[in-house]
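Dumped run-v1.csv below, it's CSV, C-alpha atoms:
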chain,number,residue,atom,x,y,z
A,66,MET,CA,-1.2,-51.6,84.9
A,67,GLU,CA,2.4,-52.3,84.2
A,68,ASN,CA,4.5,-49.1,83.6
A,69,SER,CA,5.6,-49.3,80.0
A,70,ALA,CA,8.2,-46.5,80.4
A,71,LYS,CA,11.7,-47.6,79.7
A,72,LEU,CA,14.7,-46.2,81.5
A,73,GLN,CA,17.1,-44.6,79.1
A,74,PRO,CA,20.7,-45.3,79.8
A,75,GLU,CA,22.7,-42.2,80.9
A,76,SER,CA,25.0,-40.7,78.4
A,77,ALA,CA,28.6,-41.5,78.8
A,78,PRO,CA,30.4,-38.8,80.9
A,79,ILE,CA,32.7,-36.6,79.0
A,80,VAL,CA,36.1,-36.6,80.7
A,81,ALA,CA,38.1,-34.8,78.0
A,82,CYS,CA,37.8,-32.6,74.9
A,83,THR,CA,39.8,-31.9,71.8
A,84,VAL,CA,40.0,-28.1,71.1
A,85,SER,CA,41.0,-27.0,67.6
A,86,ARG,CA,40.1,-24.8,64.7
A,87,ASP,CA,39.0,-28.0,62.8
A,88,VAL,CA,39.6,-31.4,64.3
A,89,SER,CA,39.4,-33.0,60.9
A,90,ASN,CA,42.9,-31.7,60.3
A,91,PHE,CA,44.1,-34.0,63.1
A,92,ASP,CA,42.7,-37.4,62.1
A,93,LEU,CA,45.4,-39.2,64.1
A,94,LEU,CA,44.3,-37.4,67.2
A,95,ILE,CA,40.7,-38.5,66.7
A,96,GLU,CA,41.8,-42.1,66.4
A,97,ASP,CA,44.0,-42.0,69.5
A,98,MET,CA,41.3,-40.2,71.5
A,99,GLU,CA,38.8,-42.9,70.6
A,100,ALA,CA,41.3,-45.6,71.4
A,101,GLU,CA,42.0,-44.1,74.9
A,102,LEU,CA,38.6,-42.8,75.9
A,103,GLY,CA,36.0,-44.5,73.7
A,104,GLU,CA,33.0,-42.3,73.6
A,105,ASN,CA,33.9,-40.3,76.8
A,106,TRP,CA,35.3,-37.3,74.9
A,107,GLY,CA,34.0,-34.4,72.9
A,108,ASP,CA,35.3,-31.9,70.4
A,109,LEU,CA,35.2,-28.1,70.6
A,110,THR,CA,36.3,-25.2,68.4
A,111,PHE,CA,38.3,-22.5,70.0
A,112,GLU,CA,35.3,-20.2,70.2
A,113,ASP,CA,33.1,-23.0,71.7
A,114,ALA,CA,35.8,-23.9,74.2
A,115,ALA,CA,36.0,-20.3,75.5
A,116,VAL,CA,32.3,-20.4,76.3
A,117,PHE,CA,32.3,-23.9,77.7
A,118,LEU,CA,35.3,-23.3,80.1
A,119,GLU,CA,33.3,-20.6,81.7
A,120,GLN,CA,30.6,-23.1,82.6
A,121,PRO,CA,30.5,-25.2,85.9
A,122,ASP,CA,30.5,-28.4,83.8
A,123,ALA,CA,34.0,-27.6,82.6
A,124,LYS,CA,35.4,-28.4,86.1
A,125,SER,CA,34.5,-32.1,85.6
A,126,LEU,CA,36.9,-32.4,82.7
A,127,GLU,CA,40.1,-34.4,83.2
A,128,PHE,CA,42.0,-32.7,80.4
A,129,ILE,CA,41.7,-30.9,77.1
A,130,ALA,CA,43.9,-31.6,74.1
A,131,ILE,CA,44.5,-28.3,72.2
A,132,ALA,CA,45.6,-29.0,68.7
A,133,VAL,CA,47.2,-26.2,66.7
A,134,ASN,CA,49.2,-25.8,63.4
A,135,ASP,CA,50.9,-23.0,61.7
A,136,GLN,CA,47.6,-21.5,60.5
A,137,ASP,CA,46.6,-20.9,64.2
A,138,GLU,CA,49.6,-18.6,65.0
A,139,ASP,CA,47.4,-15.5,64.5
A,140,ASP,CA,45.1,-16.7,67.3
A,141,LEU,CA,47.8,-17.3,69.9
A,142,ASP,CA,46.2,-14.8,72.4
A,143,MET,CA,42.9,-16.7,72.2
A,144,ILE,CA,44.6,-20.1,72.6
A,145,GLY,CA,46.6,-18.7,75.5
A,146,ASP,CA,43.4,-17.6,77.2
A,147,LEU,CA,42.0,-21.1,76.8
A,148,ILE,CA,45.1,-22.5,78.6
A,149,THR,CA,44.7,-20.0,81.4
A,150,GLN,CA,41.0,-20.8,81.7
A,151,ALA,CA,41.7,-24.5,81.9
A,152,ASN,CA,44.3,-24.0,84.6
A,153,ALA,CA,41.9,-21.9,86.6
A,154,ASN,CA,39.4,-24.9,86.5
A,155,ASN,CA,42.2,-27.4,87.4
A,156,VAL,CA,41.8,-28.9,83.9
A,157,LYS,CA,45.1,-30.3,82.5
A,158,VAL,CA,46.2,-29.2,79.1
A,159,ILE,CA,48.0,-31.3,76.4
A,160,LEU,CA,49.3,-29.2,73.6
A,161,ILE,CA,49.5,-30.9,70.2
A,162,ALA,CA,51.4,-28.9,67.6
A,163,GLU,CA,52.1,-29.3,63.9
A,164,GLU,CA,54.7,-27.0,62.2
A,165,VAL,CA,54.3,-24.3,64.9
A,166,SER,CA,57.2,-21.9,65.2
A,167,PRO,CA,59.5,-22.3,68.3
A,168,VAL,CA,58.4,-18.8,69.5
A,169,ALA,CA,54.7,-19.7,69.4
A,170,LEU,CA,55.3,-23.1,71.1
A,171,HIS,CA,57.4,-21.4,73.8
A,172,GLN,CA,54.7,-18.9,74.4
A,173,LEU,CA,52.0,-21.5,74.8
A,174,LEU,CA,54.1,-23.8,77.1
A,175,ARG,CA,54.9,-20.8,79.3
A,176,LEU,CA,51.2,-20.1,79.8
A,177,GLY,CA,50.8,-23.5,81.5
A,178,ALA,CA,50.3,-26.4,79.1
A,179,ASN,CA,51.1,-29.5,81.1
A,180,ASP,CA,52.4,-31.6,78.2
A,181,PHE,CA,53.5,-31.3,74.6
A,182,ILE,CA,53.2,-33.7,71.7
A,183,PRO,CA,54.3,-33.1,68.1
A,184,TYR,CA,51.9,-33.9,65.3
A,185,PRO,CA,51.7,-36.4,63.6
A,186,LEU,CA,51.4,-38.2,66.9
A,187,PRO,CA,54.1,-40.8,67.6
A,188,ASP,CA,52.7,-44.2,68.4
A,189,GLY,CA,51.5,-44.5,72.0
A,190,GLU,CA,52.5,-40.9,72.8
A,191,LEU,CA,49.0,-39.7,73.7
A,192,HIS,CA,48.6,-42.7,76.0
A,193,GLU,CA,51.8,-41.9,77.8
A,194,ALA,CA,50.9,-38.2,78.1
A,195,ILE,CA,47.5,-39.1,79.6
A,196,GLU,CA,49.2,-41.4,82.1
A,197,ARG,CA,51.6,-38.7,83.1
A,198,LEU,CA,48.7,-36.3,83.7
A,199,ARG,CA,47.1,-38.9,85.9
A,200,GLN,CA,50.1,-39.2,88.1
A,201,PRO,CA,49.6,-37.7,91.6
A,202,GLU,CA,51.0,-34.2,92.0
A,203,PRO,CA,54.2,-34.1,94.0
A,204,VAL,CA,54.0,-32.5,97.4
A,205,ALA,CA,56.8,-30.1,96.5
A,206,PRO,CA,59.1,-29.7,93.5
A,207,ASP,CA,62.2,-30.2,95.7
A,208,ALA,CA,60.8,-33.2,97.6
A,209,GLY,CA,63.5,-35.7,98.2
A,210,VAL,CA,66.5,-33.4,97.7
A,211,PRO,CA,68.9,-33.9,100.6
A,212,ASP,CA,69.6,-30.8,102.7
A,213,GLU,CA,73.3,-30.9,101.7
A,214,MET,CA,72.4,-30.5,98.1
A,215,ARG,CA,70.2,-27.5,98.6
A,216,ASN,CA,71.8,-24.2,97.7
A,217,THR,CA,72.3,-21.8,100.6
A,218,LEU,CA,74.6,-19.5,98.8
A,219,LYS,CA,73.2,-15.9,98.6
A,220,ALA,CA,73.2,-13.8,95.5
A,221,THR,CA,75.4,-10.8,95.5
A,222,GLY,CA,75.2,-9.5,91.9
A,223,ASN,CA,78.6,-7.9,92.1
A,224,PHE,CA,80.8,-10.5,90.4
A,225,ASP,CA,82.1,-10.4,86.9
A,226,GLY,CA,82.6,-14.1,86.2
A,227,VAL,CA,84.6,-15.9,83.6
A,228,VAL,CA,82.3,-17.8,81.1
A,229,LEU,CA,83.7,-21.1,79.9
A,230,PRO,CA,81.5,-23.1,77.6
A,231,VAL,CA,82.4,-26.7,76.6
A,232,HIS,CA,81.2,-28.0,73.3
A,233,GLY,CA,81.6,-31.6,72.0
A,234,LEU,CA,82.3,-31.7,68.2
A,235,ALA,CA,81.2,-35.3,68.2
A,236,GLY,CA,79.6,-37.8,70.6
A,237,GLY,CA,82.0,-39.3,73.2
A,238,THR,CA,84.7,-36.7,72.9
A,239,GLY,CA,84.5,-36.0,76.7
A,240,ALA,CA,82.8,-32.6,76.7
A,241,SER,CA,80.6,-33.3,79.8
A,242,THR,CA,83.5,-35.0,81.6
A,243,LEU,CA,85.7,-31.9,80.9
A,244,ALA,CA,82.9,-29.5,82.0
A,245,VAL,CA,82.2,-31.3,85.3
A,246,ASN,CA,85.8,-31.9,86.3
A,247,LEU,CA,87.0,-28.4,85.2
A,248,ALA,CA,84.3,-26.8,87.3
A,249,TRP,CA,85.3,-29.0,90.3
A,250,GLU,CA,89.0,-28.2,89.9
A,251,LEU,CA,88.3,-24.5,89.8
A,252,ALA,CA,86.1,-24.8,92.9
A,253,ASN,CA,89.1,-26.3,94.7
A,254,ILE,CA,91.9,-24.3,93.2
A,255,ASP,CA,92.5,-22.1,96.2
A,256,LYS,CA,91.9,-23.6,99.6
A,257,LYS,CA,92.1,-20.2,101.4
A,258,LYS,CA,90.0,-18.2,99.0
A,259,ALA,CA,87.9,-20.7,97.1
A,260,PRO,CA,86.3,-19.2,93.9
A,261,ARG,CA,82.5,-19.3,93.5
A,262,VAL,CA,81.9,-21.7,90.6
A,263,CYS,CA,78.6,-22.4,88.8
A,264,LEU,CA,78.1,-25.3,86.3
A,265,LEU,CA,75.2,-24.9,83.8
A,266,ASP,CA,74.0,-27.9,81.9
A,267,LEU,CA,72.3,-26.4,78.8
A,268,ASP,CA,72.0,-29.7,77.0
A,269,LEU,CA,68.3,-29.9,77.4
A,270,GLN,CA,68.0,-33.3,75.8
A,271,PHE,CA,70.9,-35.4,76.8
A,272,GLY,CA,72.6,-33.4,79.6
A,273,SER,CA,74.5,-35.7,81.9
A,274,VAL,CA,75.9,-33.4,84.5
A,275,SER,CA,73.4,-34.6,87.0
A,276,THR,CA,74.4,-38.2,86.3
A,277,TYR,CA,78.2,-37.4,86.6
A,278,LEU,CA,77.6,-35.7,90.0
A,279,ASP,CA,74.7,-37.9,91.2
A,280,LEU,CA,72.3,-34.9,91.6
A,281,PRO,CA,68.5,-35.1,91.1
A,282,ARG,CA,66.8,-33.4,88.2
A,283,ARG,CA,64.0,-31.1,89.3
A,284,GLU,CA,60.9,-29.5,87.8
A,285,THR,CA,62.2,-26.2,89.2
A,286,VAL,CA,64.7,-26.1,86.3
A,287,TYR,CA,62.0,-26.4,83.7
A,288,GLU,CA,60.0,-23.6,85.4
A,289,LEU,CA,63.1,-21.4,85.4
A,290,LEU,CA,64.0,-22.0,81.8
A,291,THR,CA,60.5,-21.4,80.5
A,292,ASN,CA,60.0,-18.1,82.4
A,293,THR,CA,63.3,-16.3,82.5
A,294,GLU,CA,61.6,-13.0,82.0
A,295,SER,CA,60.4,-13.1,85.6
A,296,MET,CA,63.6,-14.7,86.9
A,297,ASP,CA,65.4,-12.9,89.7
A,298,SER,CA,68.5,-13.7,91.6
A,299,GLU,CA,66.5,-15.5,94.3
A,300,SER,CA,64.7,-17.8,91.9
A,301,PHE,CA,67.9,-18.5,90.0
A,302,MET,CA,69.9,-19.4,93.2
A,303,ALA,CA,67.0,-21.6,94.4
A,304,ALA,CA,67.2,-23.6,91.1
A,305,LEU,CA,70.8,-24.5,91.8
A,306,LEU,CA,72.0,-27.6,93.6
A,307,THR,CA,75.2,-27.7,95.7
A,308,TYR,CA,77.8,-30.4,95.2
A,309,GLY,CA,80.4,-31.0,97.9
A,310,ASP,CA,79.5,-27.6,99.5
A,311,LYS,CA,81.8,-26.0,96.9
A,312,MET,CA,80.2,-26.1,93.4
A,313,HIS,CA,76.7,-25.0,92.4
A,314,VAL,CA,75.0,-26.7,89.5
A,315,LEU,CA,72.0,-26.0,87.3
A,316,THR,CA,71.1,-29.5,86.0
A,317,ALA,CA,69.4,-30.2,82.8
A,318,PRO,CA,65.5,-30.5,83.1
A,319,ALA,CA,64.0,-33.8,84.1
A,320,ASP,CA,62.3,-34.4,80.7
A,321,MET,CA,63.9,-34.4,77.3
A,322,LEU,CA,63.0,-31.0,75.8
A,323,PRO,CA,63.4,-29.4,72.3
A,324,LEU,CA,66.6,-27.3,72.2
A,325,ASP,CA,64.6,-24.4,70.8
A,326,LEU,CA,62.4,-24.3,73.9
A,327,ILE,CA,64.7,-21.5,75.1
A,328,GLU,CA,65.7,-18.5,73.0
A,329,PRO,CA,68.8,-16.4,72.9
A,330,ASP,CA,67.3,-13.9,75.3
A,331,ASP,CA,66.6,-16.7,77.8
A,332,VAL,CA,70.1,-17.9,77.6
A,333,LEU,CA,71.5,-14.4,77.9
A,334,ARG,CA,69.5,-13.8,81.1
A,335,ILE,CA,70.7,-17.1,82.6
A,336,ILE,CA,74.4,-16.5,81.8
A,337,GLU,CA,74.2,-12.9,83.1
A,338,MET,CA,72.6,-14.0,86.3
A,339,ALA,CA,75.3,-16.7,86.8
A,340,ARG,CA,78.2,-14.4,85.7
A,341,THR,CA,77.2,-11.7,88.2
A,342,ASN,CA,77.0,-14.1,91.1
A,343,PHE,CA,80.0,-16.4,90.5
A,344,ASP,CA,83.7,-16.2,89.7
A,345,TYR,CA,83.6,-18.9,87.1
A,346,VAL,CA,80.6,-20.1,85.0
A,347,VAL,CA,81.2,-23.4,83.2
A,348,ILE,CA,78.6,-24.4,80.6
A,349,ASP,CA,78.1,-27.9,79.2
A,350,MET,CA,76.7,-27.2,75.7
A,351,PRO,CA,74.7,-29.5,73.4
A,352,SER,CA,76.7,-30.8,70.5
A,353,THR,CA,74.1,-29.4,68.1
A,354,LEU,CA,74.4,-25.8,66.9
A,355,VAL,CA,71.2,-23.9,68.0
A,356,ALA,CA,69.9,-20.4,67.7
A,357,TRP,CA,71.5,-19.4,71.1
A,358,THR,CA,74.9,-20.9,70.4
A,359,GLU,CA,75.9,-17.5,69.1
A,360,THR,CA,74.7,-16.0,72.4
A,361,VAL,CA,76.9,-18.3,74.4
A,362,LEU,CA,79.9,-17.7,72.1
A,363,SER,CA,79.6,-14.0,72.4
A,364,LYS,CA,79.6,-14.1,76.2
A,365,ALA,CA,82.4,-16.7,76.5
A,366,HIS,CA,85.9,-15.8,77.5
A,367,VAL,CA,87.2,-19.1,76.1
A,368,TYR,CA,85.0,-21.6,74.2
A,369,PHE,CA,86.4,-25.1,74.5
A,370,ALA,CA,85.7,-27.5,71.6
A,371,THR,CA,86.5,-31.2,72.3
A,372,LEU,CA,87.4,-33.6,69.5
A,373,GLU,CA,89.2,-36.9,68.9
A,374,LEU,CA,91.9,-38.0,66.5
A,375,ASP,CA,89.4,-39.3,63.9
A,376,MET,CA,87.8,-38.2,60.6
A,377,ARG,CA,84.3,-37.3,62.1
A,378,SER,CA,85.9,-34.9,64.6
A,379,ALA,CA,88.1,-33.4,61.9
A,380,GLN,CA,85.1,-32.9,59.5
A,381,ASN,CA,82.9,-31.4,62.3
A,382,ALA,CA,85.6,-29.1,63.4
A,383,LEU,CA,86.1,-27.8,59.8
A,384,ARG,CA,82.3,-27.3,59.4
A,385,LEU,CA,82.1,-25.5,62.7
A,386,ILE,CA,84.9,-23.1,61.8
A,387,ARG,CA,83.4,-22.5,58.4
A,388,ALA,CA,80.0,-21.8,59.9
A,389,LEU,CA,81.4,-19.3,62.4
A,390,LYS,CA,83.5,-17.5,59.8
A,391,SER,CA,80.6,-17.2,57.4
A,392,GLU,CA,78.5,-15.5,60.1
A,393,GLU,CA,81.5,-13.4,61.2
A,394,LEU,CA,81.3,-14.8,64.7
A,395,PRO,CA,84.3,-14.7,67.0
A,396,TYR,CA,85.7,-18.1,66.1
A,397,LYS,CA,89.1,-17.2,67.5
A,398,LYS,CA,87.6,-17.8,71.0
A,399,LEU,CA,87.7,-21.5,70.2
A,400,ARG,CA,90.2,-23.6,72.1
A,401,PHE,CA,90.5,-27.1,70.8
A,402,VAL,CA,90.8,-30.0,73.3
A,403,LEU,CA,92.0,-33.3,71.9
A,404,ASN,CA,90.6,-36.2,73.9
A,405,ARG,CA,92.4,-39.5,74.2
A,406,ALA,CA,95.5,-37.9,72.8
A,407,PRO,CA,98.5,-40.2,72.0
A,408,LYS,CA,101.2,-40.8,74.6
A,409,PHE,CA,104.4,-38.9,74.5
A,410,THR,CA,106.3,-41.9,73.2
A,411,ASP,CA,103.8,-42.5,70.4
A,412,LEU,CA,105.6,-40.7,67.6
A,413,ASN,CA,103.2,-41.8,64.9
A,414,GLY,CA,100.3,-40.5,67.0
A,415,LYS,CA,102.0,-37.2,67.6
A,416,SER,CA,102.6,-36.9,63.8
A,417,ARG,CA,98.9,-37.5,63.2
A,418,VAL,CA,98.0,-34.8,65.7
A,419,LYS,CA,100.3,-32.3,63.9
A,420,ARG,CA,98.8,-33.2,60.5
A,421,LEU,CA,95.3,-32.8,61.9
A,422,ALA,CA,96.1,-29.3,63.3
A,423,GLU,CA,97.7,-28.2,60.0
A,424,SER,CA,94.9,-29.5,57.8
A,425,LEU,CA,92.3,-27.6,59.9
A,426,ASP,CA,94.6,-24.6,60.4
A,427,ILE,CA,94.1,-24.6,64.1
A,428,ASP,CA,96.2,-25.0,67.3
A,429,ILE,CA,95.4,-28.0,69.5
A,430,GLU,CA,96.6,-26.5,72.7
A,431,ILE,CA,95.1,-29.0,75.2
A,432,GLN,CA,95.6,-32.7,74.9
A,433,ILE,CA,93.9,-35.0,77.3
A,434,PRO,CA,95.4,-38.5,77.5
A,435,ASP,CA,93.4,-41.7,77.5
A,436,GLY,CA,92.6,-42.3,81.2
A,437,GLY,CA,91.1,-45.8,80.7
A,438,LYS,CA,88.0,-47.2,82.4
A,439,VAL,CA,88.6,-45.1,85.5
A,440,VAL,CA,87.2,-42.0,83.7
A,441,VAL,CA,83.9,-43.8,82.8
A,442,GLN,CA,83.7,-45.3,86.3
A,443,ALA,CA,84.0,-41.9,87.9
A,444,GLY,CA,81.0,-40.7,85.9
A,445,ASP,CA,79.0,-43.8,86.6
A,446,HIS,CA,79.7,-43.4,90.3
A,447,GLY,CA,78.6,-39.7,90.2
A,448,VAL,CA,81.9,-38.2,91.5
A,449,PRO,CA,84.6,-36.0,90.0
A,450,MET,CA,87.9,-37.7,89.1
A,451,ALA,CA,89.7,-35.8,91.9
A,452,GLU,CA,87.6,-37.9,94.4
A,453,THR,CA,88.3,-41.3,92.9
A,454,ALA,CA,91.4,-41.1,90.7
A,455,ALA,CA,93.4,-38.2,91.8
A,456,LYS,CA,96.6,-39.5,90.2
A,457,ASN,CA,95.1,-40.4,86.9
A,458,PRO,CA,96.8,-38.5,84.0
A,459,VAL,CA,93.5,-37.2,82.8
A,460,ARG,CA,92.8,-35.7,86.2
A,461,LYS,CA,96.2,-34.1,86.2
A,462,GLU,CA,95.5,-32.4,82.9
A,463,PHE,CA,92.2,-31.0,84.3
A,464,THR,CA,94.1,-29.6,87.2
A,465,LYS,CA,96.7,-28.0,85.0
A,466,LEU,CA,94.0,-26.4,82.8
A,467,ALA,CA,92.1,-25.1,85.8
A,468,MET,CA,95.3,-23.7,87.3
A,469,SER,CA,96.1,-22.0,84.0
A,470,ILE,CA,92.7,-20.4,83.8
A,471,HIS,CA,92.8,-19.2,87.4
A,472,GLU,CA,96.2,-17.7,87.1
A,473,LEU,CA,95.3,-15.8,84.0
A,474,ASN,CA,92.1,-14.6,85.7
A,475,GLU,CA,94.0,-13.5,88.8
A,476,ALA,CA,96.6,-11.7,86.6
A,477,ALA,CA,93.8,-9.9,84.7
A,478,GLU,CA,92.1,-8.8,87.9
A,479,ALA,CA,95.4,-7.5,89.3
A,480,GLY,CA,95.9,-5.5,86.1
A,481,GLN,CA,99.1,-7.3,85.1
Translate the structure described by the file into structure tokens.
Amino acid sequence: MENSAKLQPESAPIVACTVSRDVSNFDLLIEDMEAELGENWGDLTFEDAAVFLEQPDAKSLEFIAIAVNDQDEDDLDMIGDLITQANANNVKVILIAEEVSPVALHQLLRLGANDFIPYPLPDGELHEAIERLRQPEPVAPDAGVPDEMRNTLKATGNFDGVVLPVHGLAGGTGASTLAVNLAWELANIDKKKAPRVCLLDLDLQFGSVSTYLDLPRRETVYELLTNTESMDSESFMAALLTYGDKMHVLTAPADMLPLDLIEPDDVLRIIEMARTNFDYVVIDMPSTLVAWTETVLSKAHVYFATLELDMRSAQNALRLIRALKSEELPYKKLRFVLNRAPKFTDLNGKSRVKRLAESLDIDIEIQIPDGGKVVVQAGDHGVPMAETAAKNPVRKEFTKLAMSIHELNEAAEAGQ
């Protein structure tokens, strides 16, 4: 007799799950999960996920997508436990957040979420996040870093460094160029007793210090920034790269990150760690004002603000001064740096500079001339101007500025 039993097809294996209070609040996520995984995904509430992640079947998951909004901030401890459980089972975590506060987002990322996507989901962003998760893990975070770039300088903790932030008041005003070259000039200011110089790139989104010095960006920096509470001098020094055996650099992270990923306390810890281990700490700031700008300004000895001879720079300078005055912040620490300043023989240009200073009620103490294509080429080649265009007038101004800072610092230390 012919067996009439029919084989039932096996159910599609579940390779991923969404985890949320109510997935119907994230309809775009449902659409993207179906587009990426078809029927090979499931949905869990926070409570169900806590139970499921304890089961052996959970280890077969490729990832979970935890979707949260502002209504879930009271349950951060439970959501954090889910991330920890997933990590313990080697299950990747994509965090999808809608209108979540920076503090809450920071807390969840620190607990080990592998990727972050804002909601509503940008087109193709979930696909790219999944592709990133599927990339093989690197052997080591510092793999590929040449030995000469690895920091071998030991922490001492007995320095009282000068903090010198550089803030561009508009795009293209030369803030990063100034920061990189000022740091390099300070590192070479005294051949017999070279100062210890640290360059921090705190522009988490568009930081270009690594490009200007041809240094690799590393995951170590992200790990440091997102867990400064456990940072010690050893982990801080390990995150630095060495340039030319004279200057030590904390590059911007490898990925573009929200500026509020770090908080004022994080920035304060980083600056204090750098200040107590180096003579000079040069900081390349984002052009945007953020919650921790006040922190940097309060720790700065001099706060350089770069601008050009145009209306956008003038208006931004005025707005910055007003903002600092309204908050009763130490705006007098600002030192304005005019980039592409007119030549000495350009009387009309000199008159415009004078009118700009008078209209803003500021002193433009530092004027950097137009160095031409050589300045851009130095950045493209990944070397300071001292190495490629030592006689360029721009480089000469950087040298003069570094010498002035060093002499003032030496005089202060001598008690003069």
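Nearest to Thr360 (chain A) of all the residues A:Ile336, A:Thr316, A:Leu383, A:Leu372 is A:Ile336, counting all atoms listed in the file.
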Could you give me, as a CSV table (one decimal) with C-alpha atoms, in the coordinates of the input, the residues that sit within 12 Å of (48.8, -40.0, 74.1) in the file's coordinates, counting only C-alpha atoms?
chain,number,residue,atom,x,y,z
A,93,LEU,CA,45.4,-39.2,64.1
A,94,LEU,CA,44.3,-37.4,67.2
A,95,ILE,CA,40.7,-38.5,66.7
A,96,GLU,CA,41.8,-42.1,66.4
A,97,ASP,CA,44.0,-42.0,69.5
A,98,MET,CA,41.3,-40.2,71.5
A,99,GLU,CA,38.8,-42.9,70.6
A,100,ALA,CA,41.3,-45.6,71.4
A,101,GLU,CA,42.0,-44.1,74.9
A,102,LEU,CA,38.6,-42.8,75.9
A,128,PHE,CA,42.0,-32.7,80.4
A,129,ILE,CA,41.7,-30.9,77.1
A,130,ALA,CA,43.9,-31.6,74.1
A,159,ILE,CA,48.0,-31.3,76.4
A,160,LEU,CA,49.3,-29.2,73.6
A,161,ILE,CA,49.5,-30.9,70.2
A,180,ASP,CA,52.4,-31.6,78.2
A,181,PHE,CA,53.5,-31.3,74.6
A,182,ILE,CA,53.2,-33.7,71.7
A,183,PRO,CA,54.3,-33.1,68.1
A,184,TYR,CA,51.9,-33.9,65.3
A,185,PRO,CA,51.7,-36.4,63.6
A,186,LEU,CA,51.4,-38.2,66.9
A,187,PRO,CA,54.1,-40.8,67.6
A,188,ASP,CA,52.7,-44.2,68.4
A,189,GLY,CA,51.5,-44.5,72.0
A,190,GLU,CA,52.5,-40.9,72.8
A,191,LEU,CA,49.0,-39.7,73.7
A,192,HIS,CA,48.6,-42.7,76.0
A,193,GLU,CA,51.8,-41.9,77.8
A,194,ALA,CA,50.9,-38.2,78.1
A,195,ILE,CA,47.5,-39.1,79.6
A,196,GLU,CA,49.2,-41.4,82.1
A,197,ARG,CA,51.6,-38.7,83.1
A,198,LEU,CA,48.7,-36.3,83.7
A,199,ARG,CA,47.1,-38.9,85.9
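Distances to Ala252 (chain A) were evaluated for A:Asn155, A:Asn134, A:Asn105, A:Thr307 using all atoms listed in the file, and the minimum falls at A:Thr307.
Proximity to Thr353 (chain A) was assessed for A:Asn253, A:Gln270, A:Asn154, A:Thr221 counting all atoms listed in the file; the smallest distance is recorded for A:Gln270.
Of the listed residues (A:Val347, A:Val228, A:Leu290, A:Ala235), A:Val347 comes nearest to Leu265 (chain A); the distances count all atoms listed in the file.
The interatomic distance for the pair CA of Ser85 (chain A) and CA of His171 (chain A) works out to 18.4 Å.
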- Query: In Å, how far is it from CA of Arg377 (chain A) to CA of Gly237 (chain A)?
  - Reply: 11.5 Å
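Comparing A:Glu373, A:Glu213, A:Asp87, A:Glu392 by their smallest distance to Met312 (chain A), the closest is A:Glu213 (using all atoms listed in the file).
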- Met296 (chain A) environment, 12 Å, only C-alpha atoms, sequence neighbours closer than 2 positions dropped, as a list of chain:residue names: A:Thr285, A:Val286, A:Glu288, A:Leu289, A:Leu290, A:Thr291, A:Asn292, A:Thr293, A:Glu294, A:Ser298, A:Glu299, A:Ser300, A:Phe301, A:Met302, A:Ala303, A:Ala304, A:Asp331, A:Val332, A:Leu333, A:Arg334, A:Ile335, A:Glu337, A:Met338, A:Ala339
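The gap separating CA of Ala178 (chain A) from CA of Val158 (chain A) is 5.0 Å, in Å to one decimal.
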- Go through A:Arg340, A:Leu269, A:Trp106, A:Phe369 one by one, measure the shortest atom-to-atom distance of each to Leu324 (chain A) using all atoms listed in the file, and give the residue with the smallest value. A:Leu269
- Extract, using all atoms listed in the file, all DNA, RNA and protein residues at most 9 Å from region 164-167 of chain A, discarding same-chain residues fewer than 3 positions from it, and format them as number ranges by chain. A: 133-138, 170-172, 183-184, 325-328
- Just the residues within 6 Å of region 434-446 of chain A, please, counting only C-alpha atoms, with nothing from its chain fewer than 3 positions along; format it as a ChimeraX atom specification. /A:277,405-406,450,459
- Task: Determine, counting only C-alpha atoms, every residue of protein, DNA or RNA that lies within 9 Å of (84.7, -15.2, 78.2) in the file coordinates, then give the result as an MDAnalysis selection string.
- Result: chainID A and resid 226:230 362:368 398
